[in-house]
Amino acid sequence: MAIDPIIGSRIRDRRLDQEIRQADLAKVVGISASYLNLIEHNKRRIAGKLLADVAHALSVEPEQLSQGVNTSLLDQLHSAATNLSATVEVDRAEDMAVRYPGWTALIVAQSKQLAALHDRVQVLNDRMTYDPELAGSLHQVITAVTAVRSAASILVSGERIDADWQARFHRNIYDDSVRLAASSEALIRYLDTPDTDGPPQSAPVDEVETALAAVDYHISALERAGQVNIPKLVKDMTPRGDAAADLMTRFLQTYQADSTLMPLAQFAQSARDADYDPVALSHQFRAPVDSVLRRLSSLPASDGHLPMGLAVADASGAMLFRKPVSGFALPRAGAGCPLWPLFTAFGRPNQPIRAEVALPDATEQRFLCYAIATPVGAAGFDAPPVLHATMLIIPDPAQGTTEPIPAGVSCRICPRDGCAARREPSAMR
Amino acid sequence: MAKRVLLIEDEPNIIEAISFILSRDGWTVHTHEDGTSAMDKVLALPPDLIILDVMLPGRSGFDILRDLRATTETAEIPVMMLTARGQARDRELAERLGANHFMTKPFSNAEVRDHVRELMEAT
């Protein structure tokens, strides 16, 4: 088994932080100073009781030494540096996260807040640019102000102006002031509508994902027998926009079809019995594999099921649906890793793919991925094929049966060298 | 003979104010309020300088500017664009299409007068 390349370094850093002499720590845990020295320089493996003793002596949890930091947190830390194009010691990110978890969480939280603010500015900017009603109201206000300013400037210029022209400009100013008042009121009324109270509207897909995340992607109302009023459910879950409601309707209709084919109680038990094998469940329930993948991802973790993520993409690489799972970041748009089975499935439509993926962190966390690409819509001659790929993601599979695919999250935060799939240089070095 | 300015703008009170200012400055001011027939007016006149609003009924000022630059008889006429939208990309588009100056509303009378003088002197 390979030695974690930095576990010894973590012990050394912690010890030095606490100004404990190497010989003193060695004595406390019952080993020689020279052996501890080899461990600290990553030349000897450490695990089990000795690791627990060292951790106890250093007043940290053993996992903080053995596993370092939550990989998702590390990804987010890397993203924080990349998003601001900051010049930081990216190779020390894990070290920092282990040593200062509170500060690391703060950086990540601030980065998320910055991203949220950036999105908010973008939404407002888009609104200013593309919202025809707002643009029209502003145009009226500015036009009236321009006319008032020009006429008033003429009147106060001090130059001699005929009485007739004076009267015309006075009347124009009055007319424009009336128009300005009306257009200003219209603008205020518009800005005062409920739409603009609170945060600006997010993209429809974000609204849908937020609503689904709130119920952990499990729709209890659709698990019970009997008629369900889907339009009402859609309205409750996505009250803000038609586009989000349309997306939610499609999601719920698919969910309902899947749950009808694979009723929850029976499917949940079968999933446990089959060790969450989608193909076995597909045979048992005579259900398409992509339906089974979706159904598995909807099993509530609160009932003791494995945490499972889900990604659906079209052949352009656009993410159509994301259910995130810890450690496996699914980018919002167009920046995923082409080595994911989600994308390789497009090369073999209708063929289920099972592969383990390792993400590039200190622990090379593994994920078991099941994927399949299936045609969408009715078949027809000479029509371009439309495929959607669905991938179920299960973190930390019990035992690896195959060599994992060394993949990444996105090229910008992936440190792997010599990757044929690389699109752009990494910011991780 | 006084040089001719054609003001293509659909807002009557702005037309009146700019016409007054430029007439007092010695220019002959012609006005036109519709985007669709603006090119006909230009070709019939033709003016020494055009003040062109972006948002016009019928056709946008950008479309008119594109036609002006693509037409031999009008390609060299200086054009000053007026807009209530001060976005950078509008300015950039105006420059790319060949506008000589770009002015954002609300502007001052002095600005209009000074830029007209400047452009007329360059012709």
# chains A, B, ... in the order shown; residues from 1 in each chain; ligands from 1

$ closest_atom_pairs --of "chain A" --to "chain B" --cutoff "8 Å" --atoms "only C-alpha atoms" --output "JSON lines"
{"residue": "A:His139", "atom": "CA", "partner": "B:Ala84", "partner_atom": "CA", "distance": 6.0}
{"residue": "A:Ile142", "atom": "CA", "partner": "B:Ala84", "partner_atom": "CA", "distance": 6.2}
{"residue": "A:Thr143", "atom": "CA", "partner": "B:Ala84", "partner_atom": "CA", "distance": 6.9}
{"residue": "A:Val145", "atom": "CA", "partner": "B:Pro106", "partner_atom": "CA", "distance": 6.5}
{"residue": "A:Thr146", "atom": "CA", "partner": "B:Pro106", "partner_atom": "CA", "distance": 4.3}
{"residue": "A:Ala147", "atom": "CA", "partner": "B:Ile14", "partner_atom": "CA", "distance": 4.9}
{"residue": "A:Arg149", "atom": "CA", "partner": "B:Ser108", "partner_atom": "CA", "distance": 7.2}
{"residue": "A:Ser150", "atom": "CA", "partner": "B:Asn109", "partner_atom": "CA", "distance": 5.9}
{"residue": "A:Ala151", "atom": "CA", "partner": "B:Ala17", "partner_atom": "CA", "distance": 5.8}
{"residue": "A:Ser153", "atom": "CA", "partner": "B:Asn109", "partner_atom": "CA", "distance": 7.1}
{"residue": "A:Ile154", "atom": "CA", "partner": "B:Ile21", "partner_atom": "CA", "distance": 7.7}
{"residue": "A:Phe169", "atom": "CA", "partner": "B:Ala17", "partner_atom": "CA", "distance": 8.0}
{"residue": "A:Asn172", "atom": "CA", "partner": "B:Asn13", "partner_atom": "CA", "distance": 6.3}

$ residues_around --residues "region 27-40 of chain B" --least-positions-apart "3" --cutoff "7 Å" --atoms "only C-alpha atoms" --output "PyMOL selection string"
chain B and resi 2-10+19+22-23+43-44+56-60+64

$ write_last_selection --atoms "C-alpha atoms" --output "mmCIF file, in the first residue's frame"
data_model
loop_
_atom_site.group_PDB
_atom_site.id
_atom_site.type_symbol
_atom_site.label_atom_id
_atom_site.label_comp_id
_atom_site.auth_asym_id
_atom_site.auth_seq_id
_atom_site.Cartn_x
_atom_site.Cartn_y
_atom_site.Cartn_z
ATOM 1 C CA ALA B 2 -24.341 78.152 -43.721
ATOM 2 C CA LYS B 3 -23.410 74.513 -43.338
ATOM 3 C CA ARG B 4 -26.272 72.129 -42.829
ATOM 4 C CA VAL B 5 -26.870 69.923 -39.810
ATOM 5 C CA LEU B 6 -29.420 67.132 -40.026
ATOM 6 C CA LEU B 7 -30.799 66.169 -36.623
ATOM 7 C CA ILE B 8 -32.436 62.721 -36.696
ATOM 8 C CA GLU B 9 -34.261 62.494 -33.376
ATOM 9 C CA ASP B 10 -37.829 61.627 -32.417
ATOM 10 C CA SER B 19 -32.303 73.254 -33.221
ATOM 11 C CA LEU B 22 -27.332 75.222 -33.317
ATOM 12 C CA SER B 23 -29.295 77.811 -35.273
ATOM 13 C CA LEU B 43 -29.637 61.591 -49.731
ATOM 14 C CA ALA B 44 -32.117 64.328 -50.624
ATOM 15 C CA LEU B 56 -35.706 55.833 -33.361
ATOM 16 C CA PRO B 57 -39.069 54.586 -34.568
ATOM 17 C CA GLY B 58 -38.730 52.181 -37.484
ATOM 18 C CA ARG B 59 -34.973 51.666 -37.575
ATOM 19 C CA SER B 60 -32.215 52.049 -35.044
ATOM 20 C CA ILE B 64 -28.834 53.936 -40.302
#

$ residues_around --residues "Ser9 (chain A)" --least-positions-apart "3" --cutoff "9 Å" --atoms "only C-alpha atoms" --output "tab-separated table (two decimals) with C-alpha atoms, in the first residue's frame"
chain	number	residue	atom	x	y	z
A	5	PRO	CA	2.86	11.35	0.76
A	6	ILE	CA	2.26	13.98	3.39
A	12	ARG	CA	5.95	17.24	11.77
A	13	ASP	CA	4.13	20.50	11.10
A	14	ARG	CA	1.77	19.94	14.01
A	39	ILE	CA	7.86	8.86	9.82
A	40	GLU	CA	7.98	12.64	9.73
A	41	HIS	CA	9.98	12.51	6.52
A	42	ASN	CA	7.44	10.16	5.00

$ atom_distance --atom1 "CA of Ile393 (chain A)" --atom2 "CA of Val312 (chain A)"
11.3 Å

$ closest_residue --among "A:Cys414, A:Gln227, A:Leu306, A:Leu212" --to "Asp91 (chain A)" --atoms "only C-alpha atoms"
A:Cys414

$ closest_residue --among "B:Val79, B:Arg69, B:Ala94, B:Met103" --to "Leu119 (chain B)" --atoms "only C-alpha atoms"
B:Val79

$ residues_around --residues "region 258-268 of chain A" --least-positions-apart "2" --cutoff "8 Å" --atoms "only C-alpha atoms" --output "PyMOL selection string"
chain A and resi 222-223+254-256+270-272+285+287+291-292+294-295+299

$ write_last_selection --atoms "N, CA and C atoms" --output "compact mmCIF listing (two decimals), in the first residue's frame"
# COMPACT_ATOMS: atom_id res chain seq x y z
N LEU A 222 -44.74 12.29 -4.32
CA LEU A 222 -44.83 11.42 -5.48
C LEU A 222 -44.54 9.96 -5.13
N GLU A 223 -44.28 9.69 -3.89
CA GLU A 223 -43.99 8.31 -3.46
C GLU A 223 -45.25 7.63 -2.95
N THR A 254 -40.95 13.03 -14.80
CA THR A 254 -40.00 11.91 -14.91
C THR A 254 -39.92 11.16 -13.59
N TYR A 255 -39.86 11.92 -12.49
CA TYR A 255 -39.78 11.32 -11.17
C TYR A 255 -41.00 10.43 -10.93
N GLN A 256 -42.16 10.92 -11.30
CA GLN A 256 -43.40 10.16 -11.08
C GLN A 256 -43.40 8.86 -11.90
N SER A 270 -34.87 -3.71 -2.41
CA SER A 270 -34.14 -4.38 -3.50
C SER A 270 -32.77 -3.74 -3.71
N ALA A 271 -32.72 -2.41 -3.60
CA ALA A 271 -31.44 -1.72 -3.79
C ALA A 271 -30.43 -2.19 -2.74
N ARG A 272 -30.90 -2.31 -1.51
CA ARG A 272 -29.98 -2.80 -0.45
C ARG A 272 -29.55 -4.22 -0.77
N PHE A 285 -36.72 -4.92 -12.07
CA PHE A 285 -37.92 -4.08 -12.22
C PHE A 285 -38.29 -3.85 -13.69
N ALA A 287 -36.84 -2.10 -15.83
CA ALA A 287 -36.81 -0.64 -16.00
C ALA A 287 -35.54 -0.25 -16.74
N SER A 291 -33.39 5.17 -15.83
CA SER A 291 -34.45 5.36 -14.82
C SER A 291 -33.97 4.85 -13.46
N VAL A 292 -33.28 3.70 -13.48
CA VAL A 292 -32.78 3.13 -12.22
C VAL A 292 -31.75 4.08 -11.58
N ARG A 294 -31.57 7.30 -11.87
CA ARG A 294 -32.31 8.43 -11.27
C ARG A 294 -32.98 8.01 -9.98
N ARG A 295 -33.58 6.80 -10.02
CA ARG A 295 -34.33 6.33 -8.86
C ARG A 295 -33.39 6.11 -7.67
N LEU A 299 -33.15 8.01 -3.48
CA LEU A 299 -33.32 7.32 -2.20
C LEU A 299 -32.81 8.21 -1.07

$ closest_residue --among "A:Leu25, A:Leu359, A:Ala182, A:Ala318" --to "Leu58 (chain A)" --atoms "only C-alpha atoms"
A:Leu25

$ select_by_dssp --residues "region 163-344 of chain A" --states "alpha helix (DSSP H)" --output "MDAnalysis selection string"
chainID A and resid 163:191 204:214 230:237 242:261 264:273 278:285 289:297 341:344

$ decode --residues "chain B" --atoms "C-alpha atoms" --output "short mmCIF file (atom, residue, chain, number, x, y, z; two decimals), in the first residue's frame"
data_model
loop_
_atom_site.label_atom_id
_atom_site.label_comp_id
_atom_site.auth_asym_id
_atom_site.auth_seq_id
_atom_site.Cartn_x
_atom_site.Cartn_y
_atom_site.Cartn_z
CA MET B 1 -24.00 79.64 -47.18
CA ALA B 2 -24.34 78.15 -43.72
CA LYS B 3 -23.41 74.51 -43.34
CA ARG B 4 -26.27 72.13 -42.83
CA VAL B 5 -26.87 69.92 -39.81
CA LEU B 6 -29.42 67.13 -40.03
CA LEU B 7 -30.80 66.17 -36.62
CA ILE B 8 -32.44 62.72 -36.70
CA GLU B 9 -34.26 62.49 -33.38
CA ASP B 10 -37.83 61.63 -32.42
CA GLU B 11 -38.20 63.62 -29.21
CA PRO B 12 -39.89 66.96 -30.11
CA ASN B 13 -38.60 69.01 -27.16
CA ILE B 14 -35.02 67.82 -27.66
CA ILE B 15 -35.36 68.63 -31.36
CA GLU B 16 -36.55 72.11 -30.50
CA ALA B 17 -33.78 72.77 -27.98
CA ILE B 18 -30.93 71.48 -30.16
CA SER B 19 -32.30 73.25 -33.22
CA PHE B 20 -32.41 76.50 -31.29
CA ILE B 21 -28.86 76.18 -29.98
CA LEU B 22 -27.33 75.22 -33.32
CA SER B 23 -29.29 77.81 -35.27
CA ARG B 24 -28.00 80.47 -32.90
CA ASP B 25 -24.51 79.17 -33.54
CA GLY B 26 -24.93 79.82 -37.24
CA TRP B 27 -25.80 76.41 -38.63
CA THR B 28 -28.80 75.59 -40.78
CA VAL B 29 -30.66 72.87 -38.93
CA HIS B 30 -32.91 70.32 -40.62
CA THR B 31 -34.77 67.73 -38.62
CA HIS B 32 -36.19 64.29 -39.23
CA GLU B 33 -38.06 62.07 -36.76
CA ASP B 34 -38.39 58.68 -38.43
CA GLY B 35 -35.76 55.93 -38.73
CA THR B 36 -37.26 54.14 -41.73
CA SER B 37 -37.04 57.10 -44.13
CA ALA B 38 -33.92 58.70 -42.65
CA MET B 39 -31.62 57.60 -45.49
CA ASP B 40 -33.95 59.19 -48.08
CA LYS B 41 -33.78 62.45 -46.17
CA VAL B 42 -29.98 62.32 -46.01
CA LEU B 43 -29.64 61.59 -49.73
CA ALA B 44 -32.12 64.33 -50.62
CA LEU B 45 -30.39 66.98 -48.55
CA PRO B 46 -27.40 66.00 -48.16
CA PRO B 47 -26.14 67.54 -44.87
CA ASP B 48 -22.61 68.49 -43.80
CA LEU B 49 -23.09 66.78 -40.45
CA ILE B 50 -25.63 64.35 -38.98
CA ILE B 51 -26.73 64.15 -35.36
CA LEU B 52 -28.26 60.70 -35.05
CA ASP B 53 -30.24 59.29 -32.14
CA VAL B 54 -29.86 55.54 -31.49
CA MET B 55 -33.44 54.75 -30.53
CA LEU B 56 -35.71 55.83 -33.36
CA PRO B 57 -39.07 54.59 -34.57
CA GLY B 58 -38.73 52.18 -37.48
CA ARG B 59 -34.97 51.67 -37.58
CA SER B 60 -32.22 52.05 -35.04
CA GLY B 61 -29.54 54.69 -35.38
CA PHE B 62 -26.96 51.90 -35.65
CA ASP B 63 -28.68 50.49 -38.75
CA ILE B 64 -28.83 53.94 -40.30
CA LEU B 65 -25.15 54.55 -39.54
CA ARG B 66 -24.26 51.23 -41.18
CA ASP B 67 -26.11 52.30 -44.33
CA LEU B 68 -24.55 55.75 -44.28
CA ARG B 69 -21.06 54.29 -44.25
CA ALA B 70 -21.91 51.75 -46.98
CA THR B 71 -23.33 54.35 -49.35
CA THR B 72 -20.83 56.26 -51.49
CA GLU B 73 -22.67 59.58 -51.32
CA THR B 74 -22.93 59.54 -47.53
CA ALA B 75 -19.86 57.56 -46.45
CA GLU B 76 -17.81 60.66 -45.53
CA ILE B 77 -20.48 62.68 -43.71
CA PRO B 78 -19.50 63.19 -40.04
CA VAL B 79 -21.98 61.54 -37.66
CA MET B 80 -22.52 62.33 -34.00
CA MET B 81 -24.52 59.64 -32.19
CA LEU B 82 -26.89 60.41 -29.32
CA THR B 83 -28.09 57.76 -26.92
CA ALA B 84 -29.75 57.39 -23.56
CA ARG B 85 -27.90 54.11 -23.14
CA GLY B 86 -24.33 54.79 -22.09
CA GLN B 87 -23.15 51.21 -22.14
CA ALA B 88 -19.62 50.54 -23.26
CA ARG B 89 -20.70 48.12 -25.96
CA ASP B 90 -23.01 50.73 -27.54
CA ARG B 91 -20.10 53.14 -27.67
CA GLU B 92 -17.86 50.44 -29.11
CA LEU B 93 -20.48 49.49 -31.70
CA ALA B 94 -20.86 53.14 -32.73
CA GLU B 95 -17.09 53.43 -33.15
CA ARG B 96 -16.89 50.20 -35.13
CA LEU B 97 -19.65 51.39 -37.45
CA GLY B 98 -17.81 54.65 -38.06
CA ALA B 99 -19.40 57.26 -35.79
CA ASN B 100 -17.23 60.38 -35.37
CA HIS B 101 -18.54 61.11 -31.91
CA PHE B 102 -20.77 59.44 -29.35
CA MET B 103 -22.74 61.47 -26.82
CA THR B 104 -24.76 60.12 -23.90
CA LYS B 105 -27.99 61.76 -22.74
CA PRO B 106 -28.43 63.87 -20.72
CA PHE B 107 -25.82 66.07 -22.36
CA SER B 108 -25.24 69.79 -21.95
CA ASN B 109 -26.00 72.32 -24.69
CA ALA B 110 -22.38 73.43 -24.64
CA GLU B 111 -21.22 69.88 -25.33
CA VAL B 112 -23.46 69.61 -28.38
CA ARG B 113 -22.43 73.01 -29.68
CA ASP B 114 -18.70 72.41 -29.14
CA HIS B 115 -18.67 69.00 -30.80
CA VAL B 116 -20.64 70.26 -33.77
CA ARG B 117 -18.13 73.09 -34.21
CA GLU B 118 -15.25 70.66 -33.90
CA LEU B 119 -16.65 68.23 -36.47
CA MET B 120 -17.60 71.00 -38.89
CA GLU B 121 -14.11 72.48 -38.72
CA ALA B 122 -12.67 69.09 -39.60
CA THR B 123 -14.74 68.77 -42.77
#
